[in-house]
file entry35.pdb (PDB, C-alpha atoms)
ATOM      1  CA  MET E 395      68.182  -0.056  67.135
ATOM      2  CA  LYS E 396      71.291  -2.206  66.743
ATOM      3  CA  LYS E 397      74.588  -1.538  68.476
ATOM      4  CA  ALA E 398      78.034  -3.087  68.287
ATOM      5  CA  LEU E 399      81.317  -2.952  70.176
ATOM      6  CA  CYS E 400      84.395  -3.876  68.135
ATOM      7  CA  VAL E 401      87.683  -4.297  70.000
ATOM      8  CA  GLY E 402      91.120  -5.025  68.573
ATOM      9  CA  ILE E 403      94.231  -5.257  70.749
ATOM     10  CA  ASN E 404      97.738  -5.325  69.268
ATOM     11  CA  HIS E 405      99.706  -3.797  72.136
ATOM     12  CA  TYR E 406     100.496  -6.577  74.572
ATOM     13  CA  PRO E 407     103.704  -6.123  76.598
ATOM     14  CA  GLY E 408     106.098  -8.863  75.529
ATOM     15  CA  ILE E 409     103.624 -10.598  73.178
ATOM     16  CA  PRO E 410     102.460  -7.996  70.614
ATOM     17  CA  LEU E 411     100.171  -8.823  67.705
ATOM     18  CA  ASP E 412     100.001  -7.220  64.263
ATOM     19  CA  GLY E 413      96.575  -7.644  62.740
ATOM     20  CA  CYS E 414      93.981  -7.261  65.496
ATOM     21  CA  ILE E 415      93.348  -3.541  65.090
ATOM     22  CA  ASN E 416      93.076  -4.060  61.333
ATOM     23  CA  ASP E 417      90.539  -6.823  61.968
ATOM     24  CA  ALA E 418      88.378  -4.834  64.389
ATOM     25  CA  THR E 419      88.457  -1.783  62.133
ATOM     26  CA  GLY E 420      87.459  -3.856  59.113
ATOM     27  CA  VAL E 421      84.525  -5.479  60.912
ATOM     28  CA  ALA E 422      83.363  -2.127  62.323
ATOM     29  CA  ARG E 423      83.363  -0.511  58.907
ATOM     30  CA  ILE E 424      81.437  -3.303  57.186
ATOM     31  CA  ILE E 425      78.654  -3.633  59.789
ATOM     32  CA  GLU E 426      78.010   0.105  60.123
ATOM     33  CA  THR E 427      75.949   0.103  56.938
ATOM     34  CA  ASN E 428      74.003  -2.288  54.769
ATOM     35  CA  GLY E 429      74.878  -2.946  51.156
ATOM     36  CA  ASP E 430      72.724  -0.045  49.952
ATOM     37  CA  GLY E 431      74.399   2.406  52.345
ATOM     38  CA  SER E 432      71.545   2.495  54.849
ATOM     39  CA  PRO E 433      72.434   2.525  58.579
ATOM     40  CA  ASN E 434      72.929  -0.867  60.221
ATOM     41  CA  PHE E 435      74.788  -1.138  63.552
ATOM     42  CA  ASP E 436      75.706   1.888  65.664
ATOM     43  CA  VAL E 437      79.354   0.919  66.191
ATOM     44  CA  LYS E 438      81.883   1.788  68.871
ATOM     45  CA  LEU E 439      85.417   0.899  67.761
ATOM     46  CA  GLU E 440      87.754   0.642  70.758
ATOM     47  CA  ASN E 441      91.303  -0.444  69.964
ATOM     48  CA  ASP E 442      94.116  -1.286  72.401
ATOM     49  CA  VAL E 443      91.774  -1.126  75.393
ATOM     50  CA  PRO E 444      94.371  -0.905  78.195
ATOM     51  CA  THR E 445      92.775  -2.721  81.107
ATOM     52  CA  LYS E 446      90.450  -5.539  82.056
ATOM     53  CA  GLY E 447      88.302  -3.092  84.018
ATOM     54  CA  ALA E 448      87.879  -0.764  81.043
ATOM     55  CA  LEU E 449      86.828  -3.611  78.755
ATOM     56  CA  LYS E 450      84.345  -5.003  81.284
ATOM     57  CA  GLY E 451      82.805  -1.545  81.587
ATOM     58  CA  MET E 452      82.391  -1.387  77.810
ATOM     59  CA  LEU E 453      80.772  -4.829  77.777
ATOM     60  CA  ARG E 454      78.381  -3.870  80.569
ATOM     61  CA  GLU E 455      77.343  -0.777  78.602
ATOM     62  CA  LEU E 456      76.956  -2.753  75.351
ATOM     63  CA  PHE E 457      74.545  -5.259  76.849
ATOM     64  CA  SER E 458      72.590  -2.730  78.929
ATOM     65  CA  GLY E 459      69.367  -0.999  77.951
ATOM     66  CA  HIS E 460      66.957  -2.095  75.245
ATOM     67  CA  ALA E 461      67.813  -2.709  71.599
ATOM     68  CA  GLU E 462      67.024  -5.092  68.796
ATOM     69  CA  SER E 463      70.587  -6.466  68.669
ATOM     70  CA  ALA E 464      73.931  -6.086  70.438
ATOM     71  CA  LEU E 465      77.112  -7.435  68.838
ATOM     72  CA  PHE E 466      80.522  -7.847  70.455
ATOM     73  CA  TYR E 467      83.558  -8.508  68.261
ATOM     74  CA  PHE E 468      87.032  -9.092  69.706
ATOM     75  CA  SER E 469      90.395  -9.716  68.082
ATOM     76  CA  GLY E 470      93.426 -10.251  70.285
ATOM     77  CA  HIS E 471      95.020 -12.844  72.522
ATOM     78  CA  GLY E 472      92.963 -15.594  74.129
ATOM     79  CA  PHE E 473      93.904 -17.735  77.103
ATOM     80  CA  LEU E 474      92.631 -20.987  78.575
ATOM     81  CA  ASN E 475      93.276 -22.528  81.985
ATOM     82  CA  GLU E 476      91.517 -24.911  84.328
ATOM     83  CA  LEU E 477      88.988 -22.180  85.226
ATOM     84  CA  GLY E 478      87.926 -21.452  81.650
ATOM     85  CA  GLY E 479      88.651 -19.118  78.747
ATOM     86  CA  TYR E 480      89.666 -15.452  78.775
ATOM     87  CA  ILE E 481      90.085 -12.622  76.307
ATOM     88  CA  VAL E 482      93.410 -11.118  77.284
ATOM     89  CA  THR E 483      93.939  -7.429  78.040
ATOM     90  CA  PRO E 484      97.301  -5.581  78.082
ATOM     91  CA  ASP E 485      97.333  -5.426  81.908
ATOM     92  CA  TYR E 486      97.381  -9.206  82.148
ATOM     93  CA  SER E 487      99.242 -10.940  84.943
ATOM     94  CA  GLN E 488      99.513 -14.469  86.214
ATOM     95  CA  ASP E 489      96.128 -15.627  87.523
ATOM     96  CA  ASP E 490      94.461 -12.469  86.158
ATOM     97  CA  GLU E 491      94.773 -12.739  82.394
ATOM     98  CA  GLY E 492      91.795 -10.644  81.320
ATOM     99  CA  VAL E 493      88.009 -10.792  80.948
ATOM    100  CA  SER E 494      86.522 -14.209  81.575
ATOM    101  CA  MET E 495      84.455 -15.640  78.727
ATOM    102  CA  ASP E 496      81.997 -16.785  81.404
ATOM    103  CA  ASP E 497      81.575 -13.142  82.458
ATOM    104  CA  ILE E 498      80.937 -12.060  78.856
ATOM    105  CA  LEU E 499      78.297 -14.760  78.544
ATOM    106  CA  THR E 500      76.697 -13.621  81.798
ATOM    107  CA  PHE E 501      76.478 -10.023  80.526
ATOM    108  CA  ALA E 502      74.766 -11.290  77.368
ATOM    109  CA  GLU E 503      72.412 -13.723  79.065
ATOM    110  CA  GLU E 504      71.231 -11.188  81.642
ATOM    111  CA  SER E 505      70.652  -8.528  78.991
ATOM    112  CA  ALA E 506      67.129  -7.450  78.007
ATOM    113  CA  ILE E 507      68.286  -6.990  74.401
ATOM    114  CA  SER E 508      66.555  -9.375  72.007
ATOM    115  CA  ASN E 509      69.557 -10.651  70.023
ATOM    116  CA  LYS E 510      73.097 -10.932  71.398
ATOM    117  CA  ILE E 511      75.917 -11.883  69.038
ATOM    118  CA  ILE E 512      79.460 -12.595  70.278
ATOM    119  CA  ILE E 513      82.260 -13.034  67.719
ATOM    120  CA  LEU E 514      85.765 -13.853  68.953
ATOM    121  CA  ASP E 515      88.936 -14.104  66.869
ATOM    122  CA  CYS E 516      91.453 -15.283  69.426
ATOM    123  CA  CYS E 517      93.179 -18.469  70.497
ATOM    124  CA  HIS E 518      91.018 -20.908  72.491
ATOM    125  CA  SER E 519      87.919 -18.874  71.594
ATOM    126  CA  GLY E 520      85.827 -22.045  71.297
ATOM    127  CA  ALA E 521      85.660 -22.105  75.099
ATOM    128  CA  MET E 522      83.114 -19.289  74.823
ATOM    129  CA  GLY E 523      79.665 -20.573  75.695
ATOM    130  CA  SER E 524      80.817 -23.622  77.685
ATOM    131  CA  PRO E 525      81.107 -22.338  81.244
ATOM    132  CA  LYS E 526      83.434 -24.258  83.540
ATOM    133  CA  LYS E 527      80.957 -23.839  86.377
ATOM    134  CA  MET E 528      78.622 -26.033  84.312
ATOM    135  CA  HIS E 529      81.365 -28.652  83.962
ATOM    136  CA  GLY E 530      81.993 -27.780  80.331
ATOM    137  CA  SER E 531      78.409 -28.231  79.109
ATOM    138  CA  ALA E 532      76.972 -25.516  76.900
ATOM    139  CA  SER E 533      74.510 -23.227  78.693
ATOM    140  CA  ILE E 534      73.312 -20.530  76.317
ATOM    141  CA  SER E 535      70.110 -18.631  76.946
ATOM    142  CA  GLU E 536      67.620 -17.744  74.230
ATOM    143  CA  GLY E 537      68.702 -14.966  71.897
ATOM    144  CA  VAL E 538      72.451 -15.597  72.150
ATOM    145  CA  SER E 539      74.669 -16.550  69.186
ATOM    146  CA  ILE E 540      78.399 -17.219  69.462
ATOM    147  CA  LEU E 541      80.825 -17.474  66.566
ATOM    148  CA  THR E 542      84.483 -18.183  67.287
ATOM    149  CA  ALA E 543      87.635 -18.539  65.229
ATOM    150  CA  SER E 544      88.774 -21.861  66.671
ATOM    151  CA  ARG E 545      88.079 -24.670  69.103
ATOM    152  CA  ASP E 546      89.003 -24.203  72.749
ATOM    153  CA  SER E 547      92.148 -26.280  72.168
ATOM    154  CA  GLU E 548      93.325 -24.396  69.061
ATOM    155  CA  SER E 549      95.219 -21.259  68.141
ATOM    156  CA  SER E 550      93.890 -18.631  65.733
ATOM    157  CA  VAL E 551      96.159 -17.819  62.816
ATOM    158  CA  GLU E 552      97.235 -14.410  61.495
ATOM    159  CA  ILE E 553      98.471 -14.014  57.916
ATOM    160  CA  ASN E 554      99.646 -10.770  56.287
ATOM    161  CA  GLY E 555      98.359  -8.524  59.039
ATOM    162  CA  HIS E 556      94.889 -10.061  59.359
ATOM    163  CA  GLY E 557      93.329 -13.010  61.138
ATOM    164  CA  VAL E 558      92.401 -15.847  58.777
ATOM    165  CA  PHE E 559      88.996 -16.100  60.460
ATOM    166  CA  THR E 560      88.236 -12.378  60.279
ATOM    167  CA  ASN E 561      89.266 -12.171  56.623
ATOM    168  CA  LEU E 562      86.594 -14.778  55.897
ATOM    169  CA  LEU E 563      84.137 -13.072  58.249
ATOM    170  CA  ILE E 564      84.474  -9.801  56.324
ATOM    171  CA  ASP E 565      84.088 -11.608  52.988
ATOM    172  CA  ALA E 566      80.927 -13.233  54.339
ATOM    173  CA  LEU E 567      79.546  -9.880  55.546
ATOM    174  CA  GLN E 568      80.290  -8.276  52.191
ATOM    175  CA  GLY E 569      77.829 -10.686  50.612
ATOM    176  CA  GLY E 570      79.491 -14.083  50.436
ATOM    177  CA  ALA E 571      77.091 -15.453  53.064
ATOM    178  CA  ALA E 572      73.940 -13.702  51.812
ATOM    179  CA  ASP E 573      70.791 -15.577  50.882
ATOM    180  CA  LEU E 574      68.878 -14.710  47.708
ATOM    181  CA  ARG E 575      67.114 -11.875  49.521
ATOM    182  CA  GLY E 576      70.450 -10.386  50.603
ATOM    183  CA  HIS E 577      70.196 -11.296  54.302
ATOM    184  CA  ILE E 578      73.326 -12.389  56.184
ATOM    185  CA  THR E 579      72.862 -14.290  59.457
ATOM    186  CA  PRO E 580      75.267 -15.750  62.049
ATOM    187  CA  GLY E 581      74.407 -19.224  60.750
ATOM    188  CA  SER E 582      75.123 -18.351  57.118
ATOM    189  CA  ILE E 583      78.419 -16.734  58.130
ATOM    190  CA  TYR E 584      79.440 -19.900  59.952
ATOM    191  CA  ALA E 585      78.538 -22.027  56.932
ATOM    192  CA  TYR E 586      80.619 -19.752  54.681
ATOM    193  CA  ILE E 587      83.691 -19.867  56.954
ATOM    194  CA  ASP E 588      83.308 -23.580  57.686
ATOM    195  CA  GLN E 589      83.384 -24.416  53.982
ATOM    196  CA  ALA E 590      86.426 -22.192  53.382
ATOM    197  CA  LEU E 591      88.580 -23.794  56.090
ATOM    198  CA  GLY E 592      89.816 -27.321  55.507
ATOM    199  CA  ALA E 593      90.001 -30.256  57.874
ATOM    200  CA  TRP E 594      93.621 -29.430  58.751
ATOM    201  CA  ASP E 595      92.965 -25.747  59.484
ATOM    202  CA  GLN E 596      91.665 -24.100  62.637
ATOM    203  CA  ARG E 597      88.003 -24.994  62.993
ATOM    204  CA  PRO E 598      85.411 -22.275  63.647
ATOM    205  CA  VAL E 599      82.754 -22.923  66.287
ATOM    206  CA  PHE E 600      79.111 -21.826  66.208
ATOM    207  CA  LYS E 601      76.766 -22.006  69.190
ATOM    208  CA  THR E 602      73.298 -20.511  69.291
ATOM    209  CA  ASN E 603      69.926 -20.569  70.952
ATOM    210  CA  ILE E 604      67.554 -18.515  68.840
ATOM    211  CA  THR E 605      63.909 -18.797  67.897
ATOM    212  CA  ARG E 606      63.790 -15.946  65.409
ATOM    213  CA  PHE E 607      65.549 -14.797  62.262
ATOM    214  CA  THR E 608      68.557 -12.580  63.015
ATOM    215  CA  SER E 609      70.032 -10.554  60.163
ATOM    216  CA  LEU E 610      73.460  -9.026  60.788
ATOM    217  CA  ARG E 611      73.618  -7.187  57.472
ATOM    218  CA  VAL E 612      71.605  -6.867  54.271
ATOM    219  CA  VAL E 613      73.205  -6.547  50.834
ATOM    220  CA  ASN E 614      71.661  -6.115  47.427
ATOM    221  CA  PRO E 615      69.770  -9.341  46.682
ATOM    222  CA  GLN E 616      70.954 -11.667  43.917
ATOM    223  CA  VAL E 617      67.417 -11.599  42.558
ATOM    224  CA  PRO E 618      65.298  -8.453  43.013
ATOM    225  CA  ILE E 619      62.526  -9.119  45.514
ATOM    226  CA  GLU E 620      59.849  -8.183  43.002
ATOM    227  CA  LEU E 621      61.151 -10.925  40.681
ATOM    228  CA  LEU E 622      61.243 -13.488  43.488
ATOM    229  CA  ARG E 623      57.598 -12.712  44.167
ATOM    230  CA  ARG E 624      56.750 -13.693  40.605
ATOM    231  CA  LEU E 625      57.763 -17.328  41.164
ATOM    232  CA  THR E 626      54.151 -18.258  41.804
ATOM    233  CA  ASP E 627      53.107 -16.528  38.556
ATOM    234  CA  PHE E 628      55.395 -18.785  36.541
ATOM    235  CA  PHE E 629      54.688 -21.854  38.653
ATOM    236  CA  PRO E 630      51.122 -21.812  40.098
ATOM    237  CA  THR E 631      51.965 -25.093  41.828
ATOM    238  CA  PRO E 632      55.474 -26.180  42.855
ATOM    239  CA  SER E 633      55.351 -29.332  40.717
ATOM    240  CA  GLN E 634      54.173 -27.564  37.587
ATOM    241  CA  GLU E 635      56.536 -27.193  34.627
ATOM    242  CA  PHE E 636      56.786 -24.022  32.570
ATOM    243  CA  ASN E 637      56.572 -24.822  28.860
ATOM    244  CA  LEU E 638      58.955 -23.062  26.508
ATOM    245  CA  ASP E 639      59.203 -22.664  22.752
ATOM    246  CA  PRO E 640      61.386 -20.669  20.317
ATOM    247  CA  SER E 641      59.294 -17.529  20.821
ATOM    248  CA  PHE E 642      60.985 -17.063  24.217
ATOM    249  CA  GLU E 643      64.509 -16.750  22.743
ATOM    250  CA  TYR E 644      65.312 -13.157  21.763
ATOM    251  CA  THR E 645      67.858 -14.180  19.085
ATOM    252  CA  ASN E 646      65.215 -16.140  17.203
ATOM    253  CA  THR E 647      64.320 -13.289  14.829
ATOM    254  CA  GLU E 648      64.369 -12.920  11.065
ATOM    255  CA  ASP E 649      67.126 -10.312  11.112
ATOM    256  CA  ARG E 650      69.645 -12.823  12.533
ATOM    257  CA  GLU E 651      72.102 -14.624  10.233
ATOM    258  CA  HIS E 652      71.472 -18.099  11.645
ATOM    259  CA  GLU E 653      68.743 -20.621  11.469
ATOM    260  CA  ILE E 654      65.510 -19.410  13.000
ATOM    261  CA  ILE E 655      62.493 -21.419  14.014
ATOM    262  CA  LYS E 656      58.839 -20.531  14.172
ATOM    263  CA  PRO E 657      57.282 -19.214  16.289
ATOM    264  CA  TYR E 658      59.641 -16.237  16.189
ATOM    265  CA  ALA E 659      60.588 -14.246  19.277
ATOM    266  CA  VAL E 660      57.686 -12.538  21.016
ATOM    267  CA  PRO E 661      58.694  -9.565  23.207
ATOM    268  CA  GLU E 662      56.396 -10.590  26.070
ATOM    269  CA  ASN E 663      57.826 -14.112  26.104
ATOM    270  CA  VAL E 664      61.376 -12.824  25.781
ATOM    271  CA  GLU E 665      60.916 -10.771  28.971
ATOM    272  CA  LYS E 666      59.550 -13.810  30.798
ATOM    273  CA  PHE E 667      62.467 -15.897  29.575
ATOM    274  CA  LYS E 668      64.994 -13.379  30.931
ATOM    275  CA  ILE E 669      63.419 -13.754  34.361
ATOM    276  CA  LEU E 670      63.503 -17.544  34.120
ATOM    277  CA  GLN E 671      67.162 -17.396  33.099
ATOM    278  CA  LYS E 672      67.833 -15.222  36.138
ATOM    279  CA  TYR E 673      66.110 -17.821  38.295
ATOM    280  CA  GLN E 674      68.306 -20.500  36.749
ATOM    281  CA  SER E 675      71.488 -18.519  37.392
ATOM    282  CA  VAL E 676      70.854 -18.652  41.159
ATOM    283  CA  GLY E 677      69.644 -22.237  41.278
ATOM    284  CA  LEU E 678      65.882 -21.735  41.492
ATOM    285  CA  VAL E 679      65.025 -23.272  38.123
ATOM    286  CA  VAL E 680      66.512 -25.943  35.833
ATOM    287  CA  PRO E 681      65.692 -26.816  32.213
ATOM    288  CA  ILE E 682      64.340 -30.312  31.628
ATOM    289  CA  ASP E 683      66.213 -32.811  29.430
ATOM    290  CA  THR E 684      68.861 -30.271  28.415
ATOM    291  CA  GLU E 685      71.690 -28.386  30.055
ATOM    292  CA  TYR E 686      70.911 -24.848  28.925
ATOM    293  CA  MET E 687      67.765 -22.743  28.942
ATOM    294  CA  TYR E 688      68.515 -21.640  25.360
ATOM    295  CA  TYR E 689      68.128 -25.200  24.053
ATOM    296  CA  ALA E 690      65.068 -25.750  26.221
ATOM    297  CA  ALA E 691      63.419 -22.842  24.415
ATOM    298  CA  MET E 692      64.661 -23.637  20.902
ATOM    299  CA  ASN E 693      63.634 -27.307  21.260
ATOM    300  CA  SER E 694      60.254 -26.517  22.873
ATOM    301  CA  LYS E 695      61.078 -28.180  26.185
ATOM    302  CA  SER E 696      60.257 -26.886  29.653
ATOM    303  CA  CYS E 697      61.790 -25.917  32.992
ATOM    304  CA  ARG E 698      60.922 -26.651  36.613
ATOM    305  CA  LEU E 699      61.669 -25.526  40.149
ATOM    306  CA  THR E 700      64.652 -26.944  42.037
ATOM    307  CA  ALA E 701      64.470 -27.803  45.737
ATOM    308  CA  LEU E 702      65.807 -24.313  46.476
ATOM    309  CA  GLY E 703      63.239 -22.909  44.061
ATOM    310  CA  TYR E 704      60.479 -24.723  45.937
ATOM    311  CA  HIS E 705      61.728 -23.223  49.215
ATOM    312  CA  TYR E 706      61.423 -19.692  47.852
ATOM    313  CA  TRP E 707      58.154 -20.557  46.051
ATOM    314  CA  ARG E 708      56.714 -21.559  49.418
ATOM    315  CA  LEU E 709      57.932 -18.322  51.033
ATOM    316  CA  VAL E 710      56.219 -16.327  48.289
ATOM    317  CA  HIS E 711      53.072 -18.460  48.412
ATOM    318  CA  ASP E 712      52.829 -18.050  52.195
ATOM    319  CA  LYS E 713      53.442 -14.280  51.860
ATOM    320  CA  ARG E 714      56.694 -14.403  53.808
ATOM    321  CA  ILE E 715      58.510 -12.471  51.085
TER     322      ILE E 715
END
call {"tool": "encode", "arguments": {"input": "entry35.pdb", "output": "structure tokens"}}
result
Amino acid sequence: MKKALCVGINHYPGIPLDGCINDATGVARIIETNGDGSPNFDVKLENDVPTKGALKGMLRELFSGHAESALFYFSGHGFLNELGGYIVTPDYSQDDEGVSMDDILTFAEESAISNKIIILDCCHSGAMGSPKKMHGSASISEGVSILTASRDSESSVEINGHGVFTNLLIDALQGGAADLRGHITPGSIYAYIDQALGAWDQRPVFKTNITRFTSLRVVNPQVPIELLRRLTDFFPTPSQEFNLDPSFEYTNTEDREHEIIKPYAVPENVEKFKILQKYQSVGLVVPIDTEYMYYAAMNSKSCRLTALGYHYWRLVHDKRI
């Protein structure tokens, strides 16, 4: 069982925002299901939560009980003072701005749930996970992952009714951060967002203490799993090359109006070649001494595994896929 609480707050007296409800709604919709439509997180979407007390009650409920994963997403105002960071609620007042990030971390760290993921799109969100009571040093217990829109000293930007960070987060969850098997993790999401934001932009922050693989969403894999498992059929050892010849190229037949070369296309080889070309398209295989697989076949050259190909070869060989 996986559960998630998504909160967006636009209605702040005197300092309203425009895109936070859009952001929370977008994240809630994408994580409810996997790419194939199967259930993923059981989501509660709570927008414009009016008070600090109400939000703390929701957080306590989220991190209570037993589950595989609990995810908290927040979009709204953030605040930082000498006591630490806060996610701001509409009933804010001087010296009582909202829910302390230290309190959120405490809820997560004291939870019996295996995986706790906290994602904040608010100003100063990078303060999450660095409690002031620990003099600013990170103190994150096992099973907790934190992904924030900006450093503790930075603002988080909205453009066209959406947070810049959350726009990238949704793109990542839609598949931009997926590995070849279709799994999307907090780490791969961070890598995706980090690469999209330049040195002059707000900088996302990622903090984690995990000892196991945590998948936030699964999309259709770039290479079908059954084809990935055939890597060891093509390459019995990771250093072995796969020899090609013209019989692997489907256009090399007598009914074509261009030069053909013996041996002519063999259906069995053509099917193998299509799989190898698929491997090449996702960076698992490269032709040797030529740029394209077509010329490797027509000139009787070979192909080999890349470093990424070796990684997946090892996973197949060790029966981890």
call {"tool": "resolve_selection", "arguments": {"input": "entry35.pdb", "expression": "the PyMOL selection byres ((chain E and resi 485-496) around 10)", "output": "PyMOL selection string"}}
result
chain E and resi 406-407+443-447+449-450+453+471-475+477-484+497-502+519-527
call {"tool": "residues_around", "arguments": {"input": "entry35.pdb", "residues": "Gly413 in chain E", "least_positions_apart": "2", "cutoff": "12 Å", "atoms": "only C-alpha atoms", "output": "number ranges by chain"}}
result
E: 401-405, 410-411, 415-420, 441-442, 468-471, 515-516, 550-561
call {"tool": "residues_around", "arguments": {"input": "entry35.pdb", "residues": "range 535-540 of chain E", "least_positions_apart": "2", "cutoff": "12 Å", "atoms": "only C-alpha atoms", "output": "PyMOL selection string"}}
result
chain E and resi 457+462-468+495+498-515+519-524+532-533+542-544+579-581+583-584+598-610
call {"tool": "residues_around", "arguments": {"input": "entry35.pdb", "residues": "Arg423 in chain E", "least_positions_apart": "6", "cutoff": "10 Å", "atoms": "all atoms listed in the file", "output": "list in words"}}
result
Cys400, Phe435, Val437, Leu439 and Ile564 of chain E
call {"tool": "closest_atom_pairs", "arguments": {"input": "entry35.pdb", "of": "range 486-599 of chain E", "to": "range 669-685 of chain E", "cutoff": "12 Å", "atoms": "all atoms listed in the file", "output": "JSON lines"}}
result
{"residue": "E:Asp573", "atom": "CA", "partner": "E:Val676", "partner_atom": "CA", "distance": 10.2}
{"residue": "E:Leu574", "atom": "CA", "partner": "E:Val676", "partner_atom": "CA", "distance": 7.9}
{"residue": "E:Arg575", "atom": "CA", "partner": "E:Val676", "partner_atom": "CA", "distance": 11.4}
call {"tool": "atom_distance", "arguments": {"input": "entry35.pdb", "atom1": "CA of Pro632 in chain E", "atom2": "CA of Ser582 in chain E"}}
result
25.5 Å
call {"tool": "resolve_selection", "arguments": {"input": "entry35.pdb", "expression": "the PyMOL selection byres ((chain E and resi 425) around 9)", "output": "count of residues only"}}
result
17
call {"tool": "atom_distance", "arguments": {"input": "entry35.pdb", "atom1": "CA of Asp595 in chain E", "atom2": "CA of Glu476 in chain E"}}
result
24.9 Å
call {"tool": "atom_distance", "arguments": {"input": "entry35.pdb", "atom1": "CA of Asn693 in chain E", "atom2": "CA of Ile655 in chain E"}}
result
9.4 Å
call {"tool": "axis_aligned_box", "arguments": {"input": "entry35.pdb", "around": "range 438-450 of chain E", "padding_each_side": "4 Å", "output": "lines of an AutoDock Vina configuration file"}}
result
center_x = 88.1
center_y = -1.9
center_z = 75.9
size_x = 20.5
size_y = 15.3
size_z = 24.3
call {"tool": "residues_around", "arguments": {"input": "entry35.pdb", "residues": "Tyr706 in chain E", "least_positions_apart": "2", "cutoff": "9 Å", "atoms": "all atoms listed in the file", "output": "list in words"}}
result
Leu574, Leu622, Arg623, Leu625, Leu678, Ala701, Leu702, Gly703, Tyr704, Arg708, Leu709, Val710, His711 and Ile715 of chain E
call {"tool": "closest_residue", "arguments": {"input": "entry35.pdb", "among": "E:Gly408, E:Gln616, E:Gly451, E:Gly459", "to": "Lys396 in chain E", "atoms": "all atoms listed in the file"}}
result
E:Gly459
call {"tool": "closest_residue", "arguments": {"input": "entry35.pdb", "among": "E:Leu621, E:Leu541, E:Met692, E:Leu399", "to": "Met452 in chain E", "atoms": "all atoms listed in the file"}}
result
E:Leu399
call {"tool": "resolve_selection", "arguments": {"input": "entry35.pdb", "expression": "the PyMOL selection byres ((chain E and resi 658) around 7)", "output": "PyMOL selection string"}}
result
chain E and resi 640-641+646-647+655-657+659-660
call {"tool": "write_last_selection", "arguments": {"input": "entry35.pdb", "atoms": "C-alpha atoms", "output": "PDB file, in the coordinates of the input"}}
result
ATOM      1  CA  PRO E 640      61.386 -20.669  20.317  1.00  0.00           C
ATOM      2  CA  SER E 641      59.294 -17.529  20.821  1.00  0.00           C
ATOM      3  CA  ASN E 646      65.215 -16.140  17.203  1.00  0.00           C
ATOM      4  CA  THR E 647      64.320 -13.289  14.829  1.00  0.00           C
ATOM      5  CA  ILE E 655      62.493 -21.419  14.014  1.00  0.00           C
ATOM      6  CA  LYS E 656      58.839 -20.531  14.172  1.00  0.00           C
ATOM      7  CA  PRO E 657      57.282 -19.214  16.289  1.00  0.00           C
ATOM      8  CA  ALA E 659      60.588 -14.246  19.277  1.00  0.00           C
ATOM      9  CA  VAL E 660      57.686 -12.538  21.016  1.00  0.00           C
TER      10      VAL E 660
END
call {"tool": "closest_residue", "arguments": {"input": "entry35.pdb", "among": "E:Glu665, E:Asp712, E:Trp707, E:Trp594", "to": "Gln634 in chain E", "atoms": "only C-alpha atoms"}}
result
E:Trp707
call {"tool": "residues_near_point", "arguments": {"input": "entry35.pdb", "point": "(64.6, -22.3, 27.5)", "cutoff": "7 Å", "atoms": "all atoms listed in the file", "output": "list in words"}}
result
Leu638, Pro681, Tyr686, Met687, Tyr688, Tyr689, Ala690, Ala691, Met692, Lys695 and Ser696 of chain E
call {"tool": "write_last_selection", "arguments": {"input": "entry35.pdb", "atoms": "C-alpha atoms", "output": "compact mmCIF listing (two decimals), in the coordinates of the input"}}
result
# COMPACT_ATOMS: atom_id res chain seq x y z
CA LEU E 638 58.96 -23.06 26.51
CA PRO E 681 65.69 -26.82 32.21
CA TYR E 686 70.91 -24.85 28.92
CA MET E 687 67.76 -22.74 28.94
CA TYR E 688 68.52 -21.64 25.36
CA TYR E 689 68.13 -25.20 24.05
CA ALA E 690 65.07 -25.75 26.22
CA ALA E 691 63.42 -22.84 24.42
CA MET E 692 64.66 -23.64 20.90
CA LYS E 695 61.08 -28.18 26.18
CA SER E 696 60.26 -26.89 29.65
call {"tool": "residues_around", "arguments": {"input": "entry35.pdb", "residues": "Gln568 in chain E", "least_positions_apart": "2", "cutoff": "8 Å", "atoms": "all atoms listed in the file", "output": "list in words"}}
result
Ile424, Gly429, Ile564, Asp565, Ala566, Gly570, Ala571 and Val613 of chain E
call {"tool": "decode", "arguments": {"input": "entry35.pdb", "residues": "range 494-498 of chain E", "atoms": "N, CA, C and O atoms", "output": "PDB file, in the first residue's frame"}}
result
ATOM      1  N   SER E 494       6.334  23.765  11.093  1.00  0.00           N
ATOM      2  CA  SER E 494       7.791  23.704  11.073  1.00  0.00           C
ATOM      3  C   SER E 494       8.267  22.524  10.222  1.00  0.00           C
ATOM      4  O   SER E 494       7.734  21.416  10.306  1.00  0.00           O
ATOM      5  N   MET E 495       9.292  22.768   9.411  1.00  0.00           N
ATOM      6  CA  MET E 495       9.886  21.672   8.642  1.00  0.00           C
ATOM      7  C   MET E 495      10.506  20.629   9.563  1.00  0.00           C
ATOM      8  O   MET E 495      10.531  19.437   9.234  1.00  0.00           O
ATOM      9  N   ASP E 496      10.992  21.063  10.729  1.00  0.00           N
ATOM     10  CA  ASP E 496      11.511  20.114  11.716  1.00  0.00           C
ATOM     11  C   ASP E 496      10.402  19.175  12.190  1.00  0.00           C
ATOM     12  O   ASP E 496      10.625  17.975  12.385  1.00  0.00           O
ATOM     13  N   ASP E 497       9.190  19.714  12.366  1.00  0.00           N
ATOM     14  CA  ASP E 497       8.070  18.876  12.806  1.00  0.00           C
ATOM     15  C   ASP E 497       7.693  17.860  11.723  1.00  0.00           C
ATOM     16  O   ASP E 497       7.370  16.703  12.030  1.00  0.00           O
ATOM     17  N   ILE E 498       7.705  18.299  10.463  1.00  0.00           N
ATOM     18  CA  ILE E 498       7.402  17.368   9.366  1.00  0.00           C
ATOM     19  C   ILE E 498       8.413  16.235   9.353  1.00  0.00           C
ATOM     20  O   ILE E 498       8.058  15.055   9.218  1.00  0.00           O
TER      21      ILE E 498
END
